[in-house]
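Structure first, commentary second.
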There are 8 protein chains.
Amino acid sequence: MERHDVETLLRRLKAGEISVGETVEALRSLPFEELGYATLDTHRTLRRGYPEAVYCGGKTDEQVAAILERLSTNHRTVLATRARPSTAGAVRARVVGAMPNPRKGLVAVVTAGTSDGPVAEEAAVTAEAMGHRVDRLYDVGVAGVHRLLDKRKRLERASVIVVVAGMEGALPSVVSGLVDKPVIAVPTSVGYGASFDGLAALLAMMNACSPGVAVVNIDNGFGAGYMAAMLDH
Amino acid sequence: MERHDVETLLRRLKAGEISVGETVEALRSLPFEELGYATLDTHRTLRRGYPEAVYCGGKTDEQVAAILERLSTNHRTVLATRARPSTAGAVRARVVGAMPNPRKGLVAVVTAGTSDGPVAEEAAVTAEAMGHRVDRLYDVGVAGVHRLLDKRKRLERASVIVVVAGMEGALPSVVSGLVDKPVIAVPTSVGYGASFDGLAALLAMMNACSPGVAVVNIDNGFGAGYMAAMLDH
Amino acid sequence: MERHDVETLLRRLKAGEISVGETVEALRSLPFEELGYATLDTHRTLRRGYPEAVYCGGKTDEQVAAILERLSTNHRTVLATRARPSTAGAVRARVVGAMPNPRKGLVAVVTAGTSDGPVAEEAAVTAEAMGHRVDRLYDVGVAGVHRLLDKRKRLERASVIVVVAGMEGALPSVVSGLVDKPVIAVPTSVGYGASFDGLAALLAMMNACSPGVAVVNIDNGFGAGYMAAMLDH
Amino acid sequence: MERHDVETLLRRLKAGEISVGETVEALRSLPFEELGYATLDTHRTLRRGYPEAVYCGGKTDEQVAAILERLSTNHRTVLATRARPSTAGAVRARVVGAMPNPRKGLVAVVTAGTSDGPVAEEAAVTAEAMGHRVDRLYDVGVAGVHRLLDKRKRLERASVIVVVAGMEGALPSVVSGLVDKPVIAVPTSVGYGASFDGLAALLAMMNACSPGVAVVNIDNGFGAGYMAAMLDH
Amino acid sequence: MERHDVETLLRRLKAGEISVGETVEALRSLPFEELGYATLDTHRTLRRGYPEAVYCGGKTDEQVAAILERLSTNHRTVLATRARPSTAGAVRARVVGAMPNPRKGLVAVVTAGTSDGPVAEEAAVTAEAMGHRVDRLYDVGVAGVHRLLDKRKRLERASVIVVVAGMEGALPSVVSGLVDKPVIAVPTSVGYGASFDGLAALLAMMNACSPGVAVVNIDNGFGAGYMAAMLDH
Amino acid sequence: MERHDVETLLRRLKAGEISVGETVEALRSLPFEELGYATLDTHRTLRRGYPEAVYCGGKTDEQVAAILERLSTNHRTVLATRARPSTAGAVRARVVGAMPNPRKGLVAVVTAGTSDGPVAEEAAVTAEAMGHRVDRLYDVGVAGVHRLLDKRKRLERASVIVVVAGMEGALPSVVSGLVDKPVIAVPTSVGYGASFDGLAALLAMMNACSPGVAVVNIDNGFGAGYMAAMLDH
Amino acid sequence: MERHDVETLLRRLKAGEISVGETVEALRSLPFEELGYATLDTHRTLRRGYPEAVYCGGKTDEQVAAILERLSTNHRTVLATRARPSTAGAVRARVVGAMPNPRKGLVAVVTAGTSDGPVAEEAAVTAEAMGHRVDRLYDVGVAGVHRLLDKRKRLERASVIVVVAGMEGALPSVVSGLVDKPVIAVPTSVGYGASFDGLAALLAMMNACSPGVAVVNIDNGFGAGYMAAMLDH
Amino acid sequence: MERHDVETLLRRLKAGEISVGETVEALRSLPFEELGYATLDTHRTLRRGYPEAVYCGGKTDEQVAAILERLSTNHRTVLATRARPSTAGAVRARVVGAMPNPRKGLVAVVTAGTSDGPVAEEAAVTAEAMGHRVDRLYDVGVAGVHRLLDKRKRLERASVIVVVAGMEGALPSVVSGLVDKPVIAVPTSVGYGASFDGLAALLAMMNACSPGVAVVNIDNGFGAGYMAAMLDH
């Protein structure tokens, strides 16, 4: 039920076509959630300009393409996460979007090693899609802490820092102890054996001894970039 | 080695008392970390005004009291986490501090149930100690989602939302889907059986289907309050 | 905003005191959740007559007593789960309630061993509080499957069967294979070593090879009794 | 030992060929399980009309086809779960069955996201195969709780609700809090990282803070549909 | 239905008071499990002479005492496992039993360390209660494998070997590789840290690289002694 | 160093060619383990006639073939476990062996479902290779406990019972409660979701409430067959 | 059988009192492991001077005291780990030992926080008991990495570094990346929530991204000190 | 900033081109970490001669080749771990290196079984690349402990022992109890079922009852070889 329908209802009341009681009942039976839906949707899409994201896991290429096409009609930017290469192919022919001009704050994206790169890029691109500038500081893990110290100035310039690390997941603690910026930690599944596909890094990050660290899911670059962009609005 | 020592060194070079090579060696052997230490310390304490926190677990009452006394000489606010009642007694007689006047943004602290209260209070007091106003919305868990919908206006007024929940830990997802604010999720050990002392809530929160959620350790109200206060600077 | 308020609003529209546009805005700003709250509350309390339950873990005796007192004003039956003995004392002096007369179906509550008794009683009392008759069949675990076979007639008379078992948690599978009744399985923390406080039984029950078994949390007799009572309405 | 054999025995007793004591011994050594087997089999197949289900994991296509063919001689409907595509091919040529006309109650099948669809369909088809009408409410996860509120009327019309969700598995709690219907929760392996192939959702559902929720195995749509159909007999 | 009842039935048939068909029906409706129960009970108690065991966990002292008293009327030996000291006190005044004379084979009970002693004694006493001689070889863990080699002769004399070990649980593999005897391995909760209350030892024993090892539950000396006594009948 | 060498040494002492001190030193440096090795090897191979087993995981086909060829020179029967099909091909051309005539006791091998068949066959063939007769009772899981009751006579004829089950792993408890025979339980990885590749069955079996059950590794049919054959020597 | 006994035997052979055959038999029946035991014992005690250690968990005070008294007759230093206070009391009256003079290399013992102190002291005292000097560097965790950088010179002076840390367990990686010394990492149970009693730190340390780190059990200060002392012989 | 730059700065001071204050500022603003980086790099590469290692997981063949080529300009030996075969191909054409002549101590590398060979070779080659001699003792697992005893002399000759084992991971305890050498334990993923990809061996090794054992990650032969080479410098 759109605003137009409510207005029609009220006009009929005013015109004496229906009674107050009937109008109350009509309003009552009106699925208020529909209003809620519209409100939320407007709120989310128009006012914030946050991109919509589609999780592609467990969906066929066709499903993803259809969803993206529909979303692209009223969203400027739509992100597809966990897409297979074939999905990307199915989508590319139909959906077109441009990255917004950066107009907000600076997000630093830091990785422990080169292998953490793809997850970090997911975070960086998400933050850029949400209108932020991103400073990438890759391969500065704790095995050579001097590499990180070297970058302290750049870290301090950022409003929020996304730290991406696998293996022992120690980097967020060190970064957070170094500069007083909120750190979004992303454990990655990089590692082997007792890393248990990122569990070791996840637990380490949950236990970061330095306050100012919060954690997202393993390999969830999208979530970290999104969170960082929200924080630095 | 203080600045004064470096100046003395350079004056001796300029005066020809030592060679360039000798000066380089002296500078090289200079424990740069000492400088770094001072820098960091100043940065952290003076410029930010963030409170220092002391983790009391595994420390004797005497150790905690001594640490707090020392820290209180140059910190306006010092927080003690995981303190036993006896620790509190040992401390109270010596350390005194006043909460700062709220001068920053608004942090909403939300709980799923009454049992989550102590952890939520830890978060709220930490945020207040860091100069924020706190809006407490307690006992609005997902078993009665209408209680939460009822509070949406208040949630939207906050800059950051701390959501505290045990059991199935579903509340952060719902809150995050409801209002476009960053959510710091705190799993609690409230529950029994397969809650495994908060593990169920922790995993649920890591997997929040709505972006804009990051997680801190189980029962870590302090960490959540600190993170929220950092985000809303 | 009550119905009365809405009627007043509409009367003012009809009387020409406010325009259609103003009325739409007033309705729009109306906190629909309040309506939702009332609806749900009525629905839950009055129509169903389901008892309200209060989880006492992590709450002080005073908190529990206050909550129970408030709830008892408009609920015929209120259950307190995970109550400490001291809580029971604090409550007894204030809250009084009578068990409803059984007027609904028959719930069978089955245990593997004597040690599972307290959890089973929690289930049985909950079902009785919700108006059901309960047939207790205790200590018929799979170590002597003949004890169970002996009870098949009684099992078949029930509409729903609650099966409570610790250790290897095998009883729900066997019961479900024996009679074509839905089985609510309750793992208990009875056992030691690799029972891991009920985890072994929980996993076994999740993997019941016989269809028609669903599982509630470890030691959650209340939840099983509630579910059984709902199913057999 | 068939009924015929017992009759022969008794006739010999009546004819004085054997004594009462000998007859008692012969009856005693009689494998009573044989009787039991027949009883159970009849009970299960003929009286209930529940479909038989075959778990195809770890069986060759030939084994599955042979089992299905045998079962189809005296079951109206036979379900094959966890079938590989090749299994389906091997079976189709031989086994034919028609879905029964819906003559029982209404089961609502709800999913959190599109990716949960295949598991939900397994539940829906199972319930239909057991003679129920099914109302499908897909993609109404907690990230947009308004989508769910919108469907409350339809949820209330059902006798039992199957809720299928991966990731944080929060949907069953919310649904159960919304309408007073028993909820069969199905965790799915949808998700990544710390979802640990459905473990996160499973634990969350076990800890649902709203009573009236019971859980089946991860991705076990069949089990949920079967349970729902049993409950709503 | 006792034997007497069956005899009465058959006598009525013989006397022509009832027909063969009526007798078949009466026998058919006879709860065969009752017969089964009696059969099993006799079998278990009289023929084998195995002791009955009562798991005391989760039972009150009164419950245990009552169960033991009842069992002691028709069992020569009754074992109570996981008894609290208070339980032992409650029982001692009422139940009396003598250990049987050893008349069966030899069971070796081996421990890795002195701390494993209580569990080993539980195994040894159980085997003795079931009529076996027991050879105790304690404190011969793998940290000094020569201590074990020294005992090879004694190990070879036994029919079955119970090996009790905590920490890394390596002893069963070594014992099994040394002598060609079946090994019942008992992990104990002796250890700390990553022993996780016996889980490390349990997993190690499950993975014993030498065939001829089977494992019972953590600290389950009773189960190991019982199994050993069964094997060496 | 063989006995012959020791005698030569002592003769040289007696002949005065070497001193007592030199003889002590020579004996001391004598690698006693060599003696031990020979003893053990003879013991294991010749006296027992147990087959040697080769674990093929992580070995190339060539490695396995070479090991088998070498072992087959002095072992009558050699078993290869976890062999890939290609390994089997590489081996078949070279190693030939005949199964021994059954001359020992009877081992019952029981499975819960058809899918457990391959593991059960591994157990059965191992026991046969060690000279035992095997009675196979397949597909008698607890979902239809009457199928098992039907086979009690056959179970009682065996000396040892190997029970193979996946999913909830309940069958060993039921079998052990039914007949007083030692049960070797084999959890299998049959199942899905919360079976966690056999962990659920493993834990259930470790917690079997009936004494007389010991457990081997997941899918370890070989180990169970070997253990059973050892027990029934 | 001591060396003296063997010499007597050989002298009797030389003197013609016994034959070569009899001597071989006497030597053969001689439990060679006894020799091995003596060898090992001498080796371990006399040549190395390593202290013997007694694990007190699960032993009565009397058992510990008796073991220590016996060991102290031929060991200069005996360590008791995991001793209860009462154990210490029982022991002190009887066993006396002096710490050896430091005559070996330098072991650095580093802790992340004050709470890790007791475990670190266990490591330090063990290393001292084995003749090493120890440099203690406490409370230099990664939350303030400058504190660690400040100590690099002292770290470089050590031969081996023991790093003790709880929570996220990141310190060993950082230390190992800083100085090229072998690091023995000790996870501690310091922390809460998702530290899972040291599991998080243990996993992190196992995954240290810097080579040159090996890990001992949670809270195992003794093991780390022992290992460090062995490495720096 | 290289040493050359600092010298230029100081010469300008000496020449009076800049003041002492300006020089202090220039030195102060100098990113000291840059110095640190150079220092560490020199230290690590030139003085130690330790090889650099590149973790290839998650990197493209091109990335690995580029990194190796760059590193090979100033490292004598570069190791690539976790390389895919295709990576090896991409690298071989460009990077050439010779193994150093062994000039340091002796490292023993011991395996439990043939399947542990690849991990052991990774350890052995790493130690050789770092200038050590390696003694390989393969296939001496605890199922036949005599095989190990047989090798004690060779074990005692080594300075450090790397022990590689899967399944129950018992070998390090036994080796460590046998000879007083530090043991670096490497759990491998060899095994199946409840070995959980090496977790069982990892836990067992963490709980080694013999002191002098430290553990590296599952299958981490490189780390063990590196650690061993560091220890025996």
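Ligands are numbered from 1 in the order shown, residues from 1 within each chain, and chains are lettered A, B, ... in the order they appear in the structure tokens.
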
Using only C-alpha atoms, find each residue in chain F having at least one atom no more than 9 Å away from chain E; report its shortest atom-to-atom pair and that distance in Å (one decimal), rows by chain then rising number, as CSV.
residue,atom,partner,partner_atom,distance
F:Leu40,CA,E:Leu178,CA,7.3
F:His43,CA,E:Asp180,CA,8.4
F:Arg44,CA,E:Asp180,CA,6.9
F:Arg48,CA,E:Asp180,CA,8.0
F:Ala53,CA,E:Pro211,CA,8.7
F:Ser159,CA,E:Leu231,CA,8.6
F:Val160,CA,E:Leu231,CA,8.0
F:Leu178,CA,E:Leu40,CA,7.4
F:Val179,CA,E:Leu40,CA,8.1
F:Asp180,CA,E:Arg44,CA,7.0
F:Lys181,CA,E:Met230,CA,6.9
F:Pro182,CA,E:Met230,CA,6.0
F:Val183,CA,E:Met227,CA,8.5
F:Ile184,CA,E:Ala214,CA,7.3
F:Ala185,CA,E:Ala214,CA,8.6
F:Leu203,CA,E:Asn217,CA,8.8
F:Met205,CA,E:Val216,CA,8.6
F:Met206,CA,E:Asn217,CA,5.0
F:Asn207,CA,E:Asn217,CA,6.2
F:Ala208,CA,E:Asn217,CA,8.6
F:Ser210,CA,E:Gly223,CA,8.7
F:Pro211,CA,E:Gly223,CA,5.5
F:Gly212,CA,E:Met227,CA,4.5
F:Val213,CA,E:Met227,CA,6.6
F:Ala214,CA,E:Val215,CA,5.0
F:Val215,CA,E:Val215,CA,4.9
F:Val216,CA,E:Ala214,CA,5.1
F:Asn217,CA,E:Met206,CA,5.0
F:Ile218,CA,E:Met206,CA,8.3
F:Phe222,CA,E:Pro211,CA,8.2
F:Gly223,CA,E:Pro211,CA,5.5
F:Ala224,CA,E:Gly212,CA,7.9
F:Gly225,CA,E:Gly212,CA,9.0
F:Tyr226,CA,E:Gly212,CA,6.0
F:Met227,CA,E:Gly212,CA,4.5
F:Ala228,CA,E:Gly212,CA,8.2
F:Ala229,CA,E:Gly212,CA,8.9
F:Met230,CA,E:Pro182,CA,6.0
F:Leu231,CA,E:Leu231,CA,6.0
F:Asp232,CA,E:Leu231,CA,7.7

Note to self: as number ranges by chain, please: every residue in stretch 105-201 of chain A that DSSP puts in strand (DSSP E or B).
What the structure shows: A: 106-111, 133-137, 160-165, 183-187

Notebook entry, point to check: So, counting only C-alpha atoms, which residue among C:Glu128, C:Asp197, C:Glu168, C:Glu122 is closest to C:Ala80?
Noted result: C:Glu122

Next item on the list: Quick one: pull the distance between atom CA of C:Arg84 and atom CA of C:Val64, Å, one decimal.
Entry: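 That distance, rounded to one decimal, is 10.5 Å.
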
Next item on the list: Record the distance separating atom CA of G:Pro172 and atom CA of A:Ala120, expressed in Å with one decimal.
Entry: 24.8 Å
